[in-house]
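Peer 1: Data: structure.pdb, PDB, C-alpha atoms.
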MODEL        1
ATOM      1  CA  MET C   1      70.013  63.210  78.428
ATOM      2  CA  GLY C   2      67.438  64.065  81.085
ATOM      3  CA  VAL C   3      64.612  63.852  78.552
ATOM      4  CA  VAL C   4      65.917  60.484  77.326
ATOM      5  CA  ALA C   5      66.056  59.179  80.907
ATOM      6  CA  VAL C   6      62.446  60.214  81.619
ATOM      7  CA  VAL C   7      61.050  58.892  78.321
ATOM      8  CA  VAL C   8      62.827  55.528  78.551
ATOM      9  CA  PHE C   9      61.836  55.076  82.194
ATOM     10  CA  LEU C  10      58.153  55.786  81.489
ATOM     11  CA  LEU C  11      57.977  53.721  78.292
ATOM     12  CA  LEU C  12      59.348  50.641  80.004
ATOM     13  CA  ARG C  13      56.872  50.854  82.848
ATOM     14  CA  LEU C  14      53.803  51.846  80.852
ATOM     15  CA  THR C  15      54.131  49.147  78.195
ATOM     16  CA  ALA C  16      52.754  45.650  78.647
ATOM     17  CA  GLY C  17      54.785  43.047  80.520
ATOM     18  CA  ASP C  18      55.762  42.443  84.129
ATOM     19  CA  PRO C  19      59.408  41.613  84.991
ATOM     20  CA  ALA C  20      58.275  39.913  88.185
ATOM     21  CA  ALA C  21      56.029  37.517  86.246
ATOM     22  CA  ILE C  22      58.863  36.692  83.838
ATOM     23  CA  ILE C  23      61.297  36.049  86.692
ATOM     24  CA  ALA C  24      58.776  33.947  88.638
ATOM     25  CA  GLY C  25      57.951  31.732  85.669
ATOM     26  CA  ASP C  26      54.736  30.344  84.236
ATOM     27  CA  ASN C  27      53.887  28.191  87.255
ATOM     28  CA  ALA C  28      54.276  30.932  89.869
ATOM     29  CA  THR C  29      51.395  31.957  92.069
ATOM     30  CA  THR C  30      50.068  35.491  92.390
ATOM     31  CA  GLN C  31      51.623  35.708  95.853
ATOM     32  CA  GLN C  32      55.064  34.761  94.528
ATOM     33  CA  VAL C  33      54.846  37.368  91.770
ATOM     34  CA  ALA C  34      53.800  40.016  94.319
ATOM     35  CA  GLU C  35      56.754  39.155  96.568
ATOM     36  CA  ILE C  36      59.172  39.547  93.653
ATOM     37  CA  ARG C  37      57.623  42.914  92.783
ATOM     38  CA  VAL C  38      58.176  44.071  96.355
ATOM     39  CA  ARG C  39      61.773  42.827  96.331
ATOM     40  CA  LEU C  40      62.497  44.652  93.071
ATOM     41  CA  GLY C  41      60.764  47.823  94.229
ATOM     42  CA  LEU C  42      58.180  47.665  91.443
ATOM     43  CA  ASP C  43      55.287  48.019  93.878
ATOM     44  CA  ARG C  44      56.174  51.638  94.605
ATOM     45  CA  PRO C  45      54.665  54.613  92.728
ATOM     46  CA  ILE C  46      56.361  55.365  89.395
ATOM     47  CA  ALA C  47      57.499  58.815  90.577
ATOM     48  CA  GLN C  48      59.217  57.281  93.603
ATOM     49  CA  GLN C  49      60.840  54.574  91.471
ATOM     50  CA  PHE C  50      62.179  57.232  89.102
ATOM     51  CA  ALA C  51      63.537  59.381  91.941
ATOM     52  CA  ILE C  52      65.358  56.404  93.464
ATOM     53  CA  TRP C  53      66.762  55.273  90.109
ATOM     54  CA  LEU C  54      67.883  58.778  89.096
ATOM     55  CA  GLY C  55      69.576  59.335  92.445
ATOM     56  CA  ASN C  56      71.489  56.076  92.056
ATOM     57  CA  VAL C  57      72.497  56.933  88.464
ATOM     58  CA  LEU C  58      73.862  60.314  89.532
ATOM     59  CA  ARG C  59      76.081  58.421  91.996
ATOM     60  CA  GLY C  60      77.237  56.088  89.223
ATOM     61  CA  ASP C  61      75.093  53.148  90.337
ATOM     62  CA  PHE C  62      72.915  51.710  87.538
ATOM     63  CA  GLY C  63      71.511  49.002  89.787
ATOM     64  CA  GLU C  64      71.431  45.243  89.396
ATOM     65  CA  SER C  65      70.077  43.415  86.374
ATOM     66  CA  PHE C  66      66.765  41.654  87.006
ATOM     67  CA  PHE C  67      67.571  38.922  84.492
ATOM     68  CA  PHE C  68      71.370  38.480  84.573
ATOM     69  CA  LYS C  69      71.667  38.941  88.366
ATOM     70  CA  LYS C  70      74.773  41.128  88.001
ATOM     71  CA  LYS C  71      75.623  44.770  88.422
ATOM     72  CA  VAL C  72      74.522  46.581  85.259
ATOM     73  CA  ALA C  73      77.807  48.522  85.078
ATOM     74  CA  ASP C  74      79.806  45.268  85.134
ATOM     75  CA  LEU C  75      77.494  43.776  82.528
ATOM     76  CA  ILE C  76      78.020  46.738  80.189
ATOM     77  CA  LEU C  77      81.803  46.597  80.598
ATOM     78  CA  GLU C  78      81.778  42.896  79.667
ATOM     79  CA  ARG C  79      79.792  43.580  76.500
ATOM     80  CA  LEU C  80      81.537  46.811  75.479
ATOM     81  CA  GLU C  81      84.488  45.391  73.520
ATOM     82  CA  PRO C  82      82.488  43.553  70.796
ATOM     83  CA  THR C  83      80.261  46.552  70.121
ATOM     84  CA  LEU C  84      83.176  49.000  70.134
ATOM     85  CA  ALA C  85      85.212  46.799  67.789
ATOM     86  CA  LEU C  86      82.283  46.335  65.399
ATOM     87  CA  SER C  87      81.434  50.048  65.384
ATOM     88  CA  VAL C  88      85.002  51.242  64.784
ATOM     89  CA  CYS C  89      85.608  48.678  62.021
ATOM     90  CA  THR C  90      82.338  49.615  60.345
ATOM     91  CA  VAL C  91      82.984  53.360  60.367
ATOM     92  CA  VAL C  92      86.595  52.991  59.154
ATOM     93  CA  LEU C  93      85.578  50.585  56.378
ATOM     94  CA  ALA C  94      82.687  52.769  55.264
ATOM     95  CA  VAL C  95      84.703  55.993  55.174
ATOM     96  CA  VAL C  96      87.675  54.393  53.396
ATOM     97  CA  VAL C  97      85.388  53.001  50.678
ATOM     98  CA  ALA C  98      82.676  55.655  50.426
ATOM     99  CA  VAL C  99      84.679  58.903  50.312
ATOM    100  CA  PRO C 100      86.965  57.858  47.408
ATOM    101  CA  LEU C 101      83.935  56.377  45.626
ATOM    102  CA  GLY C 102      82.043  59.653  45.979
ATOM    103  CA  VAL C 103      85.049  61.699  44.822
ATOM    104  CA  ILE C 104      85.494  59.526  41.719
ATOM    105  CA  ALA C 105      81.773  59.610  40.989
ATOM    106  CA  ALA C 106      81.808  63.430  41.065
ATOM    107  CA  TYR C 107      84.976  63.735  38.982
ATOM    108  CA  ARG C 108      84.016  61.097  36.391
ATOM    109  CA  ARG C 109      80.416  62.131  35.998
ATOM    110  CA  ALA C 110      79.586  60.414  32.707
ATOM    111  CA  THR C 111      81.315  57.067  33.220
ATOM    112  CA  TRP C 112      80.369  53.636  34.541
ATOM    113  CA  ILE C 113      80.722  54.928  38.079
ATOM    114  CA  ARG C 114      77.232  56.409  37.763
ATOM    115  CA  GLY C 115      75.876  52.878  37.645
ATOM    116  CA  VAL C 116      77.773  52.038  40.807
ATOM    117  CA  MET C 117      76.267  55.055  42.562
ATOM    118  CA  ALA C 118      72.785  54.008  41.417
ATOM    119  CA  LEU C 119      73.372  50.565  42.911
ATOM    120  CA  SER C 120      74.497  52.180  46.157
ATOM    121  CA  VAL C 121      70.874  53.155  46.765
ATOM    122  CA  LEU C 122      70.155  49.439  47.054
ATOM    123  CA  GLY C 123      72.630  49.137  49.929
ATOM    124  CA  PHE C 124      70.842  51.897  51.822
ATOM    125  CA  SER C 125      67.378  50.501  51.128
ATOM    126  CA  VAL C 126      67.866  46.841  52.017
ATOM    127  CA  PRO C 127      67.279  46.041  55.731
ATOM    128  CA  VAL C 128      70.361  45.163  57.768
ATOM    129  CA  PHE C 129      69.191  41.648  58.623
ATOM    130  CA  VAL C 130      68.589  40.832  54.931
ATOM    131  CA  THR C 131      72.106  41.940  54.014
ATOM    132  CA  GLY C 132      73.493  39.997  56.960
ATOM    133  CA  TYR C 133      71.798  36.702  56.080
ATOM    134  CA  ALA C 134      72.762  37.096  52.409
ATOM    135  CA  LEU C 135      76.436  37.568  53.307
ATOM    136  CA  VAL C 136      76.330  34.619  55.726
ATOM    137  CA  TYR C 137      74.830  32.383  53.042
ATOM    138  CA  LEU C 138      77.421  33.383  50.430
ATOM    139  CA  PHE C 139      80.688  33.741  52.350
ATOM    140  CA  ALA C 140      80.124  31.481  55.360
ATOM    141  CA  ILE C 141      77.887  28.666  54.102
ATOM    142  CA  GLN C 142      78.537  28.416  50.367
ATOM    143  CA  LEU C 143      82.202  29.470  50.191
ATOM    144  CA  ALA C 144      83.114  28.606  53.803
ATOM    145  CA  TRP C 145      85.613  31.461  53.928
ATOM    146  CA  LEU C 146      84.446  33.053  57.176
ATOM    147  CA  PRO C 147      82.734  32.004  60.422
ATOM    148  CA  VAL C 148      78.934  31.923  60.363
ATOM    149  CA  GLN C 149      78.450  33.515  63.782
ATOM    150  CA  GLY C 150      80.175  34.335  67.042
ATOM    151  CA  TYR C 151      82.910  36.635  68.256
ATOM    152  CA  GLN C 152      86.496  36.136  69.378
ATOM    153  CA  ARG C 153      88.033  38.673  71.724
ATOM    154  CA  LEU C 154      91.246  40.426  70.742
ATOM    155  CA  HIS C 155      93.331  38.883  73.517
ATOM    156  CA  GLU C 156      92.377  35.409  72.243
ATOM    157  CA  GLY C 157      94.076  35.942  68.897
ATOM    158  CA  LEU C 158      94.197  38.626  66.199
ATOM    159  CA  GLY C 159      93.301  36.247  63.348
ATOM    160  CA  GLY C 160      90.064  35.040  64.891
ATOM    161  CA  PHE C 161      89.224  38.559  66.045
ATOM    162  CA  VAL C 162      89.460  39.900  62.473
ATOM    163  CA  THR C 163      87.713  37.002  60.718
ATOM    164  CA  HIS C 164      84.726  37.173  63.072
ATOM    165  CA  LEU C 165      84.367  40.924  62.434
ATOM    166  CA  ILE C 166      84.518  40.900  58.621
ATOM    167  CA  LEU C 167      80.936  39.861  57.846
ATOM    168  CA  PRO C 168      79.261  41.974  60.572
ATOM    169  CA  SER C 169      81.307  45.012  59.535
ATOM    170  CA  LEU C 170      80.425  44.531  55.861
ATOM    171  CA  THR C 171      76.762  44.179  56.790
ATOM    172  CA  LEU C 172      76.689  47.469  58.674
ATOM    173  CA  ALA C 173      79.040  49.272  56.294
ATOM    174  CA  ALA C 174      76.707  48.648  53.334
ATOM    175  CA  ILE C 175      74.340  51.295  54.691
ATOM    176  CA  TYR C 176      77.118  53.742  55.490
ATOM    177  CA  VAL C 177      78.886  53.385  52.145
ATOM    178  CA  ALA C 178      75.708  54.162  50.222
ATOM    179  CA  LEU C 179      74.864  57.186  52.368
ATOM    180  CA  ILE C 180      78.344  58.725  52.618
ATOM    181  CA  ALA C 181      79.206  58.118  48.943
ATOM    182  CA  ARG C 182      76.108  59.908  47.685
ATOM    183  CA  ILE C 183      76.580  62.873  50.010
ATOM    184  CA  THR C 184      80.270  63.070  49.031
ATOM    185  CA  ARG C 185      79.372  63.107  45.344
ATOM    186  CA  ALA C 186      76.702  65.780  45.784
ATOM    187  CA  SER C 187      79.008  67.990  47.880
ATOM    188  CA  MET C 188      81.884  67.596  45.426
ATOM    189  CA  LEU C 189      79.681  68.532  42.464
ATOM    190  CA  GLU C 190      78.729  71.802  44.175
ATOM    191  CA  VAL C 191      82.389  72.783  44.598
ATOM    192  CA  LEU C 192      83.938  71.438  41.371
ATOM    193  CA  ASP C 193      82.760  74.388  39.269
ATOM    194  CA  ALA C 194      83.537  77.070  41.861
ATOM    195  CA  ASP C 195      85.747  80.037  40.976
ATOM    196  CA  HIS C 196      88.605  79.081  43.282
ATOM    197  CA  VAL C 197      88.795  75.632  41.655
ATOM    198  CA  ARG C 198      89.019  77.135  38.167
ATOM    199  CA  THR C 199      91.693  79.493  39.436
ATOM    200  CA  ALA C 200      93.710  76.613  40.886
ATOM    201  CA  ARG C 201      93.546  74.770  37.566
ATOM    202  CA  ALA C 202      94.490  77.929  35.676
ATOM    203  CA  LYS C 203      97.626  78.154  37.810
ATOM    204  CA  GLY C 204      98.653  74.750  36.501
ATOM    205  CA  LEU C 205      98.034  72.636  39.581
ATOM    206  CA  ALA C 206      97.648  68.907  38.985
ATOM    207  CA  GLU C 207      94.181  67.409  39.277
ATOM    208  CA  MET C 208      94.894  65.397  42.429
ATOM    209  CA  PRO C 209      95.967  68.408  44.555
ATOM    210  CA  VAL C 210      93.009  70.356  43.177
ATOM    211  CA  LEU C 211      90.572  67.591  44.134
ATOM    212  CA  LEU C 212      92.025  67.031  47.601
ATOM    213  CA  ARG C 213      92.949  70.553  48.731
ATOM    214  CA  HIS C 214      90.490  72.788  46.952
ATOM    215  CA  VAL C 215      87.447  70.596  46.312
ATOM    216  CA  LEU C 216      87.272  67.859  48.945
ATOM    217  CA  ARG C 217      88.241  70.123  51.843
ATOM    218  CA  ASN C 218      85.589  72.694  50.923
ATOM    219  CA  ALA C 219      83.028  69.922  50.504
ATOM    220  CA  ALA C 220      83.986  68.205  53.753
ATOM    221  CA  VAL C 221      81.456  69.837  56.100
ATOM    222  CA  PRO C 222      78.382  67.985  54.724
ATOM    223  CA  ILE C 223      80.407  64.769  54.548
ATOM    224  CA  VAL C 224      81.494  65.006  58.181
ATOM    225  CA  THR C 225      77.913  65.871  59.135
ATOM    226  CA  VAL C 226      76.461  62.773  57.535
ATOM    227  CA  ILE C 227      79.149  60.599  59.111
ATOM    228  CA  GLY C 228      78.193  61.957  62.520
ATOM    229  CA  LEU C 229      74.463  61.618  61.915
ATOM    230  CA  GLY C 230      75.063  58.079  60.727
ATOM    231  CA  VAL C 231      75.875  57.131  64.297
ATOM    232  CA  ALA C 232      72.121  56.918  64.888
ATOM    233  CA  LEU C 233      71.886  54.372  62.069
ATOM    234  CA  LEU C 234      74.888  52.553  63.484
ATOM    235  CA  ILE C 235      73.287  52.224  66.931
ATOM    236  CA  GLY C 236      70.151  50.703  65.455
ATOM    237  CA  GLY C 237      72.165  48.555  63.066
ATOM    238  CA  VAL C 238      74.371  47.203  65.842
ATOM    239  CA  VAL C 239      71.321  45.820  67.665
ATOM    240  CA  VAL C 240      70.178  43.885  64.585
ATOM    241  CA  THR C 241      73.645  42.855  63.386
ATOM    242  CA  GLU C 242      74.751  41.495  66.746
ATOM    243  CA  SER C 243      71.564  39.432  66.891
ATOM    244  CA  VAL C 244      72.119  38.038  63.387
ATOM    245  CA  TYR C 245      75.743  37.100  64.062
ATOM    246  CA  SER C 246      75.316  36.137  67.756
ATOM    247  CA  ILE C 247      77.851  38.732  68.881
ATOM    248  CA  PRO C 248      77.773  39.206  72.679
ATOM    249  CA  GLY C 249      77.801  42.994  72.571
ATOM    250  CA  LEU C 250      75.609  45.808  73.798
ATOM    251  CA  GLY C 251      73.164  45.385  70.926
ATOM    252  CA  ARG C 252      72.508  41.756  71.763
ATOM    253  CA  LEU C 253      72.347  42.695  75.442
ATOM    254  CA  THR C 254      69.656  45.268  74.645
ATOM    255  CA  VAL C 255      67.525  42.712  72.804
ATOM    256  CA  ASP C 256      67.821  40.153  75.610
ATOM    257  CA  ALA C 257      67.070  42.778  78.257
ATOM    258  CA  VAL C 258      63.993  44.072  76.418
ATOM    259  CA  LEU C 259      62.598  40.564  75.989
ATOM    260  CA  ALA C 260      63.185  39.865  79.686
ATOM    261  CA  ARG C 261      61.742  43.243  80.743
ATOM    262  CA  ASP C 262      65.051  43.928  82.472
ATOM    263  CA  PHE C 263      64.433  47.604  83.297
ATOM    264  CA  PRO C 264      67.814  48.553  84.840
ATOM    265  CA  THR C 265      69.796  47.084  81.927
ATOM    266  CA  VAL C 266      67.667  48.632  79.174
ATOM    267  CA  GLN C 267      67.734  52.053  80.863
ATOM    268  CA  ALA C 268      71.511  51.983  81.319
ATOM    269  CA  VAL C 269      72.281  50.835  77.768
ATOM    270  CA  ILE C 270      69.994  53.415  76.158
ATOM    271  CA  LEU C 271      71.504  56.164  78.306
ATOM    272  CA  LEU C 272      74.969  55.036  77.199
ATOM    273  CA  PHE C 273      73.955  55.049  73.527
ATOM    274  CA  SER C 274      72.443  58.521  73.954
ATOM    275  CA  LEU C 275      75.603  59.831  75.611
ATOM    276  CA  VAL C 276      77.759  58.453  72.793
ATOM    277  CA  TYR C 277      75.479  60.039  70.202
ATOM    278  CA  VAL C 278      75.661  63.437  71.926
ATOM    279  CA  LEU C 279      79.453  63.280  72.269
ATOM    280  CA  ILE C 280      79.990  62.315  68.626
ATOM    281  CA  ASN C 281      77.784  65.166  67.445
ATOM    282  CA  LEU C 282      79.798  67.511  69.679
ATOM    283  CA  VAL C 283      83.020  66.272  68.063
ATOM    284  CA  VAL C 284      81.476  66.785  64.611
ATOM    285  CA  ASP C 285      80.525  70.370  65.479
ATOM    286  CA  LEU C 286      84.045  71.096  66.717
ATOM    287  CA  THR C 287      85.480  69.570  63.538
ATOM    288  CA  TYR C 288      83.667  72.202  61.471
ATOM    289  CA  THR C 289      86.028  74.889  62.777
ATOM    290  CA  VAL C 290      89.017  72.900  61.524
ATOM    291  CA  LEU C 291      87.549  72.227  58.089
ATOM    292  CA  ASP C 292      86.116  75.712  57.557
ATOM    293  CA  PRO C 293      87.902  78.612  59.340
ATOM    294  CA  ARG C 294      84.884  80.830  58.715
ATOM    295  CA  ILE C 295      82.875  78.831  61.266
ATOM    296  CA  ARG C 296      83.260  80.067  64.836
ATOM    297  CA  TYR C 297      81.432  79.236  68.085
TER     298      TYR C 297
ENDMDL
END
Please, can you express the file's structure as C-alpha cells?
Peer 2:
Amino acid sequence: MGVVAVVVFLLLRLTAGDPAAIIAGDNATTQQVAEIRVRLGLDRPIAQQFAIWLGNVLRGDFGESFFFKKKVADLILERLEPTLALSVCTVVLAVVVAVPLGVIAAYRRATWIRGVMALSVLGFSVPVFVTGYALVYLFAIQLAWLPVQGYQRLHEGLGGFVTHLILPSLTLAAIYVALIARITRASMLEVLDADHVRTARAKGLAEMPVLLRHVLRNAAVPIVTVIGLGVALLIGGVVVTESVYSIPGLGRLTVDAVLARDFPTVQAVILLFSLVYVLINLVVDLTYTVLDPRIRY
C-alpha cells in the first residue's frame, strides 16, 4: 500500500497538466493561477506535499476534492453503492455461469460444448467498451428491453435497480465467464483421471457426487485463484463500464477526477482499489486451507 501511495502521488504530479489552470479556466491570468496553486498547496516542494498528504491519510483525512469541492471521503461514500452493486452482481453472475460451463466442458470433452469453450475466448479478447456498446445496441435500442444508461439506487425500487444493472453486469461478466470457464475446464481435466476418482467410480458412486466431491473440490484451488486475480480485471473493467453506461460509481468518479487533475480524489480512489485487491487476495489465500487441508500457513 505504501508503494502504491508513493507511485500514484508522484505520477500525478510529474505528468502534464496543472489542476490550478483547469480550475481557473481558459481566461485566467497567470497571477490567478498562481494564487490557486498557493491555496491548494501545490506551490510547495513535492516531498513536503507528500508528507502532509500522508499524515492526513493516516488520520483518516483524504482531503477535499479540487473539482467537486467536497470531502473526498464523503464523495467516495456517495459513489460506493453503484460500484459495489455492479461488482457483486458481475462476480456472482460469472461464477454461476462459468463454473458449471467449465465442469460440463471437462466432462463432455468431445461434444458441442467444445465449440462453446472456443467461443469463450472471444469474450475474453473483445474490449469491454465494445461488448458494452454491442449489448446496448441490441437489448436497449433495438429490442428496447432494458435502459440504455443510468443507475437507480436500491432504496428507489428493486425493479429499476435490477434492470439498470443487467447490461453492465453482462458486459463485465463476459470477460470473467471466459476466463473462469477455461481455468475450470483445465483444472477438472487434470483431476478427472486421477486414482482417487477411479476408485470412487469403482465403489459405485454416481457421477454427480464424483464430479462435485472428488473432482471439483480437488480442482478448486486454481479456480479460486483465478477468481481472486480477476479482481484486477474487474477494477479496470468497472472504470470503462461505468463510463459506457453513465453509472455514477467509483469508476466514473476516477475518470472525471483524472480529467480534472483532481489529485486528492484520484489518490484516494486508487488507494481504496488497492486495499480491496489486497484484502480479496488475502481471503483467497485463506480459502486454500479450507479447500485443501494439506495447505498450511
Peer 1: Which neighbours of Phe67 (chain C) fall inside 8 Å, counting all atoms listed in the file, when residues of the same chain fewer than 4 positions from it are skipped, and could you give them as a count of residues only?
Peer 2: 4
Peer 1: Expand the PyMOL selection byres ((chain C and resi 49) around 12) into the explicit residue set it covers here, and present it as a list in words.
Peer 2: Val6, Phe9, Leu10, Arg13, Val38, Leu40, Gly41, Leu42, Asp43, Arg44, Pro45, Ile46, Ala47, Gln48, Phe50, Ala51, Ile52, Trp53, Leu54, Gly55, Asn56, Phe263 and Pro264 of chain C
Peer 1: How many Å separate CA of Thr171 (chain C) from CA of Val8 (chain C)?
Peer 2: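 Atom-to-atom, CA of Thr171 (chain C) to CA of Val8 (chain C), that is 28.2 Å.
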Peer 1: Quick one: apply the PyMOL selection byres ((chain C and resi 124-133) around 12) to the file and drop the selected residues here as a ChimeraX atom specification.
Peer 2: /C:117-123,134-141,148-149,166-182,230,233-246
Peer 1: When the PyMOL selection byres ((chain C and resi 215-226) around 8) is applied to the file above, which residues end up in the set, as a ChimeraX atom specification?
Peer 2: /C:103,179-180,183-184,187-188,190-192,197,210-214,227-230,284,288,291-292
